[in-house]
$ cat protein-v9.cif   # mmCIF, C-alpha atoms
data_work
#
loop_
_atom_site.label_atom_id
_atom_site.label_comp_id
_atom_site.auth_asym_id
_atom_site.auth_seq_id
_atom_site.Cartn_x
_atom_site.Cartn_y
_atom_site.Cartn_z
CA MET A 1 74.50 234.55 22.53
CA ASN A 2 74.50 231.14 20.94
CA ASN A 3 71.61 228.76 20.35
CA LYS A 4 72.05 226.82 23.59
CA GLU A 5 72.00 229.94 25.76
CA PHE A 6 69.04 231.23 23.79
CA ILE A 7 67.04 228.03 24.36
CA GLY A 8 68.00 228.10 28.04
CA ALA A 9 66.74 231.65 28.39
CA ILE A 10 63.47 230.77 26.68
CA ALA A 11 62.96 227.73 28.92
CA LEU A 12 63.51 229.94 31.96
CA LYS A 13 61.08 232.56 30.67
CA THR A 14 58.29 230.24 29.48
CA GLY A 15 58.51 227.60 32.19
CA TYR A 16 58.78 224.85 29.57
CA THR A 17 61.71 222.42 29.72
CA GLN A 18 64.82 222.87 27.59
CA ASP A 19 63.68 220.04 25.33
CA GLU A 20 60.19 221.47 24.94
CA SER A 21 61.63 224.91 24.24
CA GLN A 22 64.06 223.53 21.67
CA GLN A 23 61.24 221.63 19.95
CA MET A 24 59.04 224.70 20.00
CA VAL A 25 61.70 226.90 18.41
CA LYS A 26 62.35 224.18 15.83
CA ASP A 27 58.62 224.06 15.00
CA VAL A 28 58.46 227.82 14.63
CA ILE A 29 61.48 227.80 12.32
CA GLU A 30 60.01 225.00 10.21
CA GLN A 31 56.77 226.91 9.93
CA LEU A 32 58.52 230.11 8.89
CA SER A 33 60.68 228.19 6.48
CA LYS A 34 57.57 226.76 4.77
CA TYR A 35 56.20 230.23 4.18
CA PHE A 36 59.52 231.41 2.80
CA GLU A 37 59.65 228.43 0.49
CA SER A 38 56.32 229.42 -0.99
CA GLY A 39 57.52 233.00 -1.34
CA GLU A 40 55.28 234.33 1.41
CA SER A 41 56.22 237.15 3.74
CA VAL A 42 55.51 236.71 7.44
CA ALA A 43 54.61 239.55 9.78
CA VAL A 44 55.22 238.78 13.45
CA SER A 45 53.44 241.27 15.70
CA GLY A 46 55.81 243.34 17.81
CA PHE A 47 58.86 241.83 16.19
CA GLY A 48 59.00 242.51 12.50
CA THR A 49 58.39 241.26 9.00
CA PHE A 50 60.32 238.62 7.12
CA GLU A 51 60.03 239.41 3.44
CA VAL A 52 60.97 237.30 0.47
CA LYS A 53 62.30 239.77 -2.06
CA LYS A 54 63.57 239.45 -5.56
CA ARG A 55 67.06 240.82 -6.05
CA LEU A 56 67.32 242.03 -9.63
CA GLU A 57 69.85 240.65 -12.04
CA ARG A 58 73.04 242.67 -12.23
CA VAL A 59 76.28 242.85 -14.19
CA MET A 60 79.46 241.89 -12.38
CA VAL A 61 82.98 242.44 -13.62
CA ASN A 62 85.63 239.86 -12.79
CA PRO A 63 88.53 242.07 -11.70
CA ALA A 64 91.14 239.50 -12.77
CA THR A 65 89.93 238.97 -16.32
CA GLY A 66 87.89 242.11 -16.92
CA LEU A 67 85.09 239.90 -18.20
CA ARG A 68 81.54 240.99 -17.52
CA MET A 69 79.10 238.46 -16.16
CA LEU A 70 75.34 238.63 -15.79
CA VAL A 71 74.34 237.56 -12.29
CA PRO A 72 70.79 236.18 -12.51
CA PRO A 73 68.01 237.56 -10.31
CA LYS A 74 67.49 235.71 -7.07
CA LEU A 75 65.18 235.60 -4.10
CA VAL A 76 66.56 236.76 -0.78
CA LEU A 77 65.10 237.02 2.69
CA ASN A 78 64.82 240.45 4.23
CA PHE A 79 63.97 241.27 7.83
CA LYS A 80 62.35 244.57 8.74
CA PRO A 81 62.25 245.03 12.51
CA ALA A 82 59.11 246.53 14.06
CA THR A 83 59.36 250.06 15.47
CA MET A 84 59.42 248.74 19.05
CA ILE A 85 62.40 246.54 18.26
CA LYS A 86 64.22 249.35 16.50
CA VAL A 87 63.81 251.48 19.62
CA GLN A 88 65.18 248.68 21.82
CA VAL A 89 68.19 248.29 19.55
CA LYS A 90 68.88 252.03 19.70
CA LYS A 91 68.73 251.94 23.50
CA GLY A 92 71.59 249.48 23.39
CA GLY A 93 73.55 252.22 21.71
CA VAL A 94 73.04 254.63 24.59
CA GLU A 95 74.01 252.09 27.24
CA ASN A 96 77.03 250.77 25.41
CA GLY A 97 78.31 254.19 24.46
CA MET B 1 50.75 235.81 6.32
CA ASN B 2 49.78 237.93 9.27
CA ASN B 3 50.39 237.37 12.96
CA LYS B 4 47.07 235.61 13.62
CA GLU B 5 47.58 233.08 10.84
CA PHE B 6 51.18 232.58 11.97
CA ILE B 7 50.11 231.86 15.56
CA GLY B 8 47.40 229.53 14.29
CA ALA B 9 49.92 227.59 12.23
CA ILE B 10 52.26 227.28 15.19
CA ALA B 11 49.48 226.06 17.47
CA LEU B 12 48.59 223.42 14.88
CA LYS B 13 52.21 222.35 14.52
CA THR B 14 53.17 222.31 18.20
CA GLY B 15 49.92 221.03 19.66
CA TYR B 16 49.77 223.94 22.10
CA THR B 17 46.66 226.13 22.20
CA GLN B 18 46.47 229.43 20.35
CA ASP B 19 46.85 231.28 23.65
CA GLU B 20 49.85 229.22 24.70
CA SER B 21 51.42 229.69 21.29
CA GLN B 22 50.83 233.43 21.36
CA GLN B 23 52.35 233.66 24.83
CA MET B 24 55.31 231.56 23.76
CA VAL B 25 56.02 233.74 20.72
CA LYS B 26 55.66 236.82 22.92
CA ASP B 27 58.19 235.38 25.39
CA VAL B 28 60.65 234.59 22.65
CA ILE B 29 60.34 238.12 21.24
CA GLU B 30 60.83 239.65 24.69
CA GLN B 31 63.90 237.52 25.19
CA LEU B 32 65.38 238.48 21.83
CA SER B 33 64.52 242.09 22.46
CA LYS B 34 66.48 242.03 25.75
CA TYR B 35 69.57 240.79 23.97
CA PHE B 36 69.21 243.44 21.29
CA GLU B 37 68.84 246.11 23.95
CA SER B 38 72.17 245.10 25.46
CA GLY B 39 73.73 245.13 21.99
CA GLU B 40 74.10 241.36 21.82
CA SER B 41 73.78 239.34 18.64
CA VAL B 42 71.70 236.17 18.76
CA ALA B 43 72.41 233.08 16.68
CA VAL B 44 69.42 230.79 16.27
CA SER B 45 70.50 227.36 14.99
CA GLY B 46 69.07 226.50 11.58
CA PHE B 47 67.46 229.91 11.23
CA GLY B 48 70.00 232.68 11.25
CA THR B 49 71.73 235.39 13.22
CA PHE B 50 70.28 238.66 14.44
CA GLU B 51 73.10 241.14 14.65
CA VAL B 52 73.16 244.55 16.25
CA LYS B 53 75.34 246.62 13.97
CA LYS B 54 76.55 250.17 14.06
CA ARG B 55 75.67 252.15 10.97
CA LEU B 56 78.34 254.79 10.49
CA GLU B 57 77.56 258.47 10.44
CA ARG B 58 77.01 259.88 6.98
CA VAL B 59 76.41 263.18 5.24
CA MET B 60 72.97 263.80 3.80
CA VAL B 61 71.98 266.61 1.46
CA ASN B 62 68.54 268.15 1.76
CA PRO B 63 67.45 268.36 -1.88
CA ALA B 64 65.18 271.35 -1.23
CA THR B 65 67.69 273.58 0.51
CA GLY B 66 70.98 272.08 -0.66
CA LEU B 67 72.11 272.09 2.97
CA ARG B 68 74.34 269.27 4.12
CA MET B 69 73.52 267.48 7.33
CA LEU B 70 75.54 265.05 9.37
CA VAL B 71 73.42 262.00 10.22
CA PRO B 72 74.79 260.55 13.47
CA PRO B 73 75.83 256.90 13.67
CA LYS B 74 73.12 254.55 14.88
CA LEU B 75 72.57 250.94 15.85
CA VAL B 76 70.47 248.84 13.53
CA LEU B 77 69.34 245.25 13.58
CA ASN B 78 70.54 242.97 10.82
CA PHE B 79 69.31 239.48 10.06
CA LYS B 80 71.56 236.98 8.30
CA PRO B 81 69.61 233.86 7.33
CA ALA B 82 71.28 230.48 7.78
CA THR B 83 72.30 228.60 4.64
CA MET B 84 69.37 226.19 4.98
CA ILE B 85 66.92 229.07 5.04
CA LYS B 86 68.57 230.75 2.06
CA VAL B 87 68.13 227.51 0.12
CA GLN B 88 64.44 227.32 1.08
CA VAL B 89 63.90 230.90 -0.04
CA LYS B 90 65.56 230.19 -3.39
CA LYS B 91 63.31 227.16 -3.91
CA GLY B 92 60.37 229.51 -3.68
CA GLY B 93 61.84 231.21 -6.71
CA VAL B 94 61.79 228.03 -8.76
CA GLU B 95 58.20 227.20 -7.85
CA ASN B 96 56.86 230.69 -8.33
CA GLY B 97 58.70 231.21 -11.61
#

$ encode --input "protein-v9.cif" --output "structure tokens"
Amino acid sequence: MNNKEFIGAIALKTGYTQDESQQMVKDVIEQLSKYFESGESVAVSGFGTFEVKKRLERVMVNPATGLRMLVPPKLVLNFKPATMIKVQVKKGGVENG
Amino acid sequence: MNNKEFIGAIALKTGYTQDESQQMVKDVIEQLSKYFESGESVAVSGFGTFEVKKRLERVMVNPATGLRMLVPPKLVLNFKPATMIKVQVKKGGVENG
């Protein structure tokens, strides 16, 4: 399912045009992105929570040289699906074998 | 950032009412959820990819009894943020220290 098909499906479902739907999705993404930029988590009811989490610094060994390197901590985005979504995903498992 | 604030922000950004925005987000979630149910991944341009992935079966040990249990394989939902989003998230790190 690529972006174009996704937008098409949303247009069909909402009754908005393709252009309106594309704009709408773009607006939602921009909004989410702003929260992420300020380090804020976003909980979307019935869907899940996008969390900005700090990944701790860790030591990595370069297998070619054997040298150890300290990888600095960094912020990553985590998505925790809501229970309802988890159940839907599992259903896919039953249907697809 | 909870759901109500999120919907409010979207309404402000899109110019749709709160109710329209809420309905729209609900429609998008239902649409995504349908794809997940049929095991399909969804790529949203400029945001990221939601992937339905099979987590392999694994052996778990109950620490109280020492008994080993086979946890069956299951489908889980994975979110891979797009590069642009990853960059935004990292920026948050710089601003927040």

$ residues_around --input "protein-v9.cif" --residues "A:Asn2" --least-positions-apart "6" --cutoff "8 Å" --atoms "all atoms listed in the file" --output "ChimeraX atom specification"
/B:42-44

$ resolve_selection --input "protein-v9.cif" --expression "the PyMOL selection byres ((chain A) within 8 of (chain B))" --output "number ranges by chain"
A: 1-3, 6, 9-10, 13-14, 24, 27-29, 31, 33-34, 36-47, 52, 74-79, 81, 85-86, 88-93, 95-96

$ write_last_selection --input "protein-v9.cif" --atoms "C-alpha atoms" --output "short mmCIF file (atom, residue, chain, number, x, y, z; two decimals), in the coordinates of the input"
data_model
loop_
_atom_site.label_atom_id
_atom_site.label_comp_id
_atom_site.auth_asym_id
_atom_site.auth_seq_id
_atom_site.Cartn_x
_atom_site.Cartn_y
_atom_site.Cartn_z
CA MET A 1 74.50 234.55 22.53
CA ASN A 2 74.50 231.14 20.94
CA ASN A 3 71.61 228.76 20.35
CA PHE A 6 69.04 231.23 23.79
CA ALA A 9 66.74 231.65 28.39
CA ILE A 10 63.47 230.77 26.68
CA LYS A 13 61.08 232.56 30.67
CA THR A 14 58.29 230.24 29.48
CA MET A 24 59.04 224.70 20.00
CA ASP A 27 58.62 224.06 15.00
CA VAL A 28 58.46 227.82 14.63
CA ILE A 29 61.48 227.80 12.32
CA GLN A 31 56.77 226.91 9.93
CA SER A 33 60.68 228.19 6.48
CA LYS A 34 57.57 226.76 4.77
CA PHE A 36 59.52 231.41 2.80
CA GLU A 37 59.65 228.43 0.49
CA SER A 38 56.32 229.42 -0.99
CA GLY A 39 57.52 233.00 -1.34
CA GLU A 40 55.28 234.33 1.41
CA SER A 41 56.22 237.15 3.74
CA VAL A 42 55.51 236.71 7.44
CA ALA A 43 54.61 239.55 9.78
CA VAL A 44 55.22 238.78 13.45
CA SER A 45 53.44 241.27 15.70
CA GLY A 46 55.81 243.34 17.81
CA PHE A 47 58.86 241.83 16.19
CA VAL A 52 60.97 237.30 0.47
CA LYS A 74 67.49 235.71 -7.07
CA LEU A 75 65.18 235.60 -4.10
CA VAL A 76 66.56 236.76 -0.78
CA LEU A 77 65.10 237.02 2.69
CA ASN A 78 64.82 240.45 4.23
CA PHE A 79 63.97 241.27 7.83
CA PRO A 81 62.25 245.03 12.51
CA ILE A 85 62.40 246.54 18.26
CA LYS A 86 64.22 249.35 16.50
CA GLN A 88 65.18 248.68 21.82
CA VAL A 89 68.19 248.29 19.55
CA LYS A 90 68.88 252.03 19.70
CA LYS A 91 68.73 251.94 23.50
CA GLY A 92 71.59 249.48 23.39
CA GLY A 93 73.55 252.22 21.71
CA GLU A 95 74.01 252.09 27.24
CA ASN A 96 77.03 250.77 25.41
#

$ calpha_fit_and_write --input "protein-v9.cif" --fixed "chain A" --moving "chain B" --output "PDB file with C-alpha atoms, keeping the file's coordinate frame"
ATOM      1  CA  MET B   1      74.542 234.569  22.464  1.00  0.00           C
ATOM      2  CA  ASN B   2      74.513 231.163  20.871  1.00  0.00           C
ATOM      3  CA  ASN B   3      71.631 228.783  20.294  1.00  0.00           C
ATOM      4  CA  LYS B   4      72.102 226.839  23.543  1.00  0.00           C
ATOM      5  CA  GLU B   5      72.054 229.958  25.701  1.00  0.00           C
ATOM      6  CA  PHE B   6      69.067 231.260  23.735  1.00  0.00           C
ATOM      7  CA  ILE B   7      67.098 228.043  24.307  1.00  0.00           C
ATOM      8  CA  GLY B   8      68.065 228.099  27.975  1.00  0.00           C
ATOM      9  CA  ALA B   9      66.788 231.648  28.341  1.00  0.00           C
ATOM     10  CA  ILE B  10      63.515 230.757  26.660  1.00  0.00           C
ATOM     11  CA  ALA B  11      63.013 227.717  28.878  1.00  0.00           C
ATOM     12  CA  LEU B  12      63.576 229.919  31.928  1.00  0.00           C
ATOM     13  CA  LYS B  13      61.151 232.542  30.657  1.00  0.00           C
ATOM     14  CA  THR B  14      58.373 230.233  29.466  1.00  0.00           C
ATOM     15  CA  GLY B  15      58.595 227.580  32.157  1.00  0.00           C
ATOM     16  CA  TYR B  16      58.861 224.831  29.546  1.00  0.00           C
ATOM     17  CA  THR B  17      61.790 222.407  29.683  1.00  0.00           C
ATOM     18  CA  GLN B  18      64.883 222.875  27.545  1.00  0.00           C
ATOM     19  CA  ASP B  19      63.731 220.036  25.293  1.00  0.00           C
ATOM     20  CA  GLU B  20      60.245 221.468  24.918  1.00  0.00           C
ATOM     21  CA  SER B  21      61.682 224.895  24.209  1.00  0.00           C
ATOM     22  CA  GLN B  22      64.092 223.524  21.631  1.00  0.00           C
ATOM     23  CA  GLN B  23      61.279 221.627  19.930  1.00  0.00           C
ATOM     24  CA  MET B  24      59.069 224.697  19.983  1.00  0.00           C
ATOM     25  CA  VAL B  25      61.736 226.898  18.389  1.00  0.00           C
ATOM     26  CA  LYS B  26      62.361 224.172  15.814  1.00  0.00           C
ATOM     27  CA  ASP B  27      58.635 224.067  14.987  1.00  0.00           C
ATOM     28  CA  VAL B  28      58.454 227.810  14.611  1.00  0.00           C
ATOM     29  CA  ILE B  29      61.479 227.806  12.288  1.00  0.00           C
ATOM     30  CA  GLU B  30      59.994 224.997  10.193  1.00  0.00           C
ATOM     31  CA  GLN B  31      56.760 226.915   9.928  1.00  0.00           C
ATOM     32  CA  LEU B  32      58.495 230.124   8.882  1.00  0.00           C
ATOM     33  CA  SER B  33      60.646 228.197   6.468  1.00  0.00           C
ATOM     34  CA  LYS B  34      57.530 226.767   4.761  1.00  0.00           C
ATOM     35  CA  TYR B  35      56.161 230.239   4.190  1.00  0.00           C
ATOM     36  CA  PHE B  36      59.480 231.426   2.807  1.00  0.00           C
ATOM     37  CA  GLU B  37      59.601 228.444   0.477  1.00  0.00           C
ATOM     38  CA  SER B  38      56.247 229.430  -0.996  1.00  0.00           C
ATOM     39  CA  GLY B  39      57.476 233.013  -1.345  1.00  0.00           C
ATOM     40  CA  GLU B  40      55.233 234.345   1.407  1.00  0.00           C
ATOM     41  CA  SER B  41      56.182 237.169   3.735  1.00  0.00           C
ATOM     42  CA  VAL B  42      55.481 236.721   7.436  1.00  0.00           C
ATOM     43  CA  ALA B  43      54.582 239.556   9.788  1.00  0.00           C
ATOM     44  CA  VAL B  44      55.210 238.772  13.441  1.00  0.00           C
ATOM     45  CA  SER B  45      53.429 241.284  15.697  1.00  0.00           C
ATOM     46  CA  GLY B  46      55.798 243.350  17.825  1.00  0.00           C
ATOM     47  CA  PHE B  47      58.847 241.812  16.189  1.00  0.00           C
ATOM     48  CA  GLY B  48      58.978 242.517  12.500  1.00  0.00           C
ATOM     49  CA  THR B  49      58.357 241.258   9.001  1.00  0.00           C
ATOM     50  CA  PHE B  50      60.292 238.624   7.102  1.00  0.00           C
ATOM     51  CA  GLU B  51      59.987 239.417   3.438  1.00  0.00           C
ATOM     52  CA  VAL B  52      60.924 237.311   0.458  1.00  0.00           C
ATOM     53  CA  LYS B  53      62.245 239.787  -2.064  1.00  0.00           C
ATOM     54  CA  LYS B  54      63.524 239.475  -5.577  1.00  0.00           C
ATOM     55  CA  ARG B  55      67.002 240.862  -6.053  1.00  0.00           C
ATOM     56  CA  LEU B  56      67.287 242.065  -9.630  1.00  0.00           C
ATOM     57  CA  GLU B  57      69.842 240.695 -12.027  1.00  0.00           C
ATOM     58  CA  ARG B  58      73.034 242.707 -12.190  1.00  0.00           C
ATOM     59  CA  VAL B  59      76.291 242.855 -14.101  1.00  0.00           C
ATOM     60  CA  MET B  60      79.443 241.854 -12.270  1.00  0.00           C
ATOM     61  CA  VAL B  61      83.001 242.376 -13.459  1.00  0.00           C
ATOM     62  CA  ASN B  62      85.628 239.779 -12.652  1.00  0.00           C
ATOM     63  CA  PRO B  63      88.551 241.938 -11.523  1.00  0.00           C
ATOM     64  CA  ALA B  64      91.131 239.354 -12.611  1.00  0.00           C
ATOM     65  CA  THR B  65      89.938 238.844 -16.162  1.00  0.00           C
ATOM     66  CA  GLY B  66      87.942 242.023 -16.758  1.00  0.00           C
ATOM     67  CA  LEU B  67      85.127 239.837 -18.081  1.00  0.00           C
ATOM     68  CA  ARG B  68      81.582 240.951 -17.419  1.00  0.00           C
ATOM     69  CA  MET B  69      79.095 238.453 -16.094  1.00  0.00           C
ATOM     70  CA  LEU B  70      75.354 238.652 -15.766  1.00  0.00           C
ATOM     71  CA  VAL B  71      74.304 237.582 -12.263  1.00  0.00           C
ATOM     72  CA  PRO B  72      70.755 236.211 -12.523  1.00  0.00           C
ATOM     73  CA  PRO B  73      67.980 237.605 -10.332  1.00  0.00           C
ATOM     74  CA  LYS B  74      67.442 235.734  -7.085  1.00  0.00           C
ATOM     75  CA  LEU B  75      65.120 235.612  -4.107  1.00  0.00           C
ATOM     76  CA  VAL B  76      66.506 236.773  -0.800  1.00  0.00           C
ATOM     77  CA  LEU B  77      65.075 237.031   2.671  1.00  0.00           C
ATOM     78  CA  ASN B  78      64.769 240.462   4.217  1.00  0.00           C
ATOM     79  CA  PHE B  79      63.939 241.268   7.813  1.00  0.00           C
ATOM     80  CA  LYS B  80      62.316 244.576   8.726  1.00  0.00           C
ATOM     81  CA  PRO B  81      62.227 245.039  12.501  1.00  0.00           C
ATOM     82  CA  ALA B  82      59.100 246.526  14.060  1.00  0.00           C
ATOM     83  CA  THR B  83      59.351 250.046  15.469  1.00  0.00           C
ATOM     84  CA  MET B  84      59.427 248.743  19.047  1.00  0.00           C
ATOM     85  CA  ILE B  85      62.401 246.546  18.257  1.00  0.00           C
ATOM     86  CA  LYS B  86      64.220 249.366  16.480  1.00  0.00           C
ATOM     87  CA  VAL B  87      63.798 251.476  19.614  1.00  0.00           C
ATOM     88  CA  GLN B  88      65.187 248.676  21.806  1.00  0.00           C
ATOM     89  CA  VAL B  89      68.195 248.302  19.531  1.00  0.00           C
ATOM     90  CA  LYS B  90      68.876 252.043  19.679  1.00  0.00           C
ATOM     91  CA  LYS B  91      68.735 251.960  23.486  1.00  0.00           C
ATOM     92  CA  GLY B  92      71.582 249.490  23.373  1.00  0.00           C
ATOM     93  CA  GLY B  93      73.544 252.242  21.697  1.00  0.00           C
ATOM     94  CA  VAL B  94      73.003 254.644  24.570  1.00  0.00           C
ATOM     95  CA  GLU B  95      74.002 252.107  27.210  1.00  0.00           C
ATOM     96  CA  ASN B  96      77.023 250.803  25.373  1.00  0.00           C
ATOM     97  CA  GLY B  97      78.259 254.270  24.441  1.00  0.00           C
TER      98      GLY B  97
END

$ atom_distance --input "protein-v9.cif" --atom1 "atom CA of A:Leu56" --atom2 "atom CA of B:Val61"
27.4 Å

$ atom_distance --input "protein-v9.cif" --atom1 "atom CA of A:Leu70" --atom2 "atom CA of A:Arg58"
5.9 Å

$ atom_distance --input "protein-v9.cif" --atom1 "atom CA of A:Asp19" --atom2 "atom CA of B:Thr83"
24.0 Å
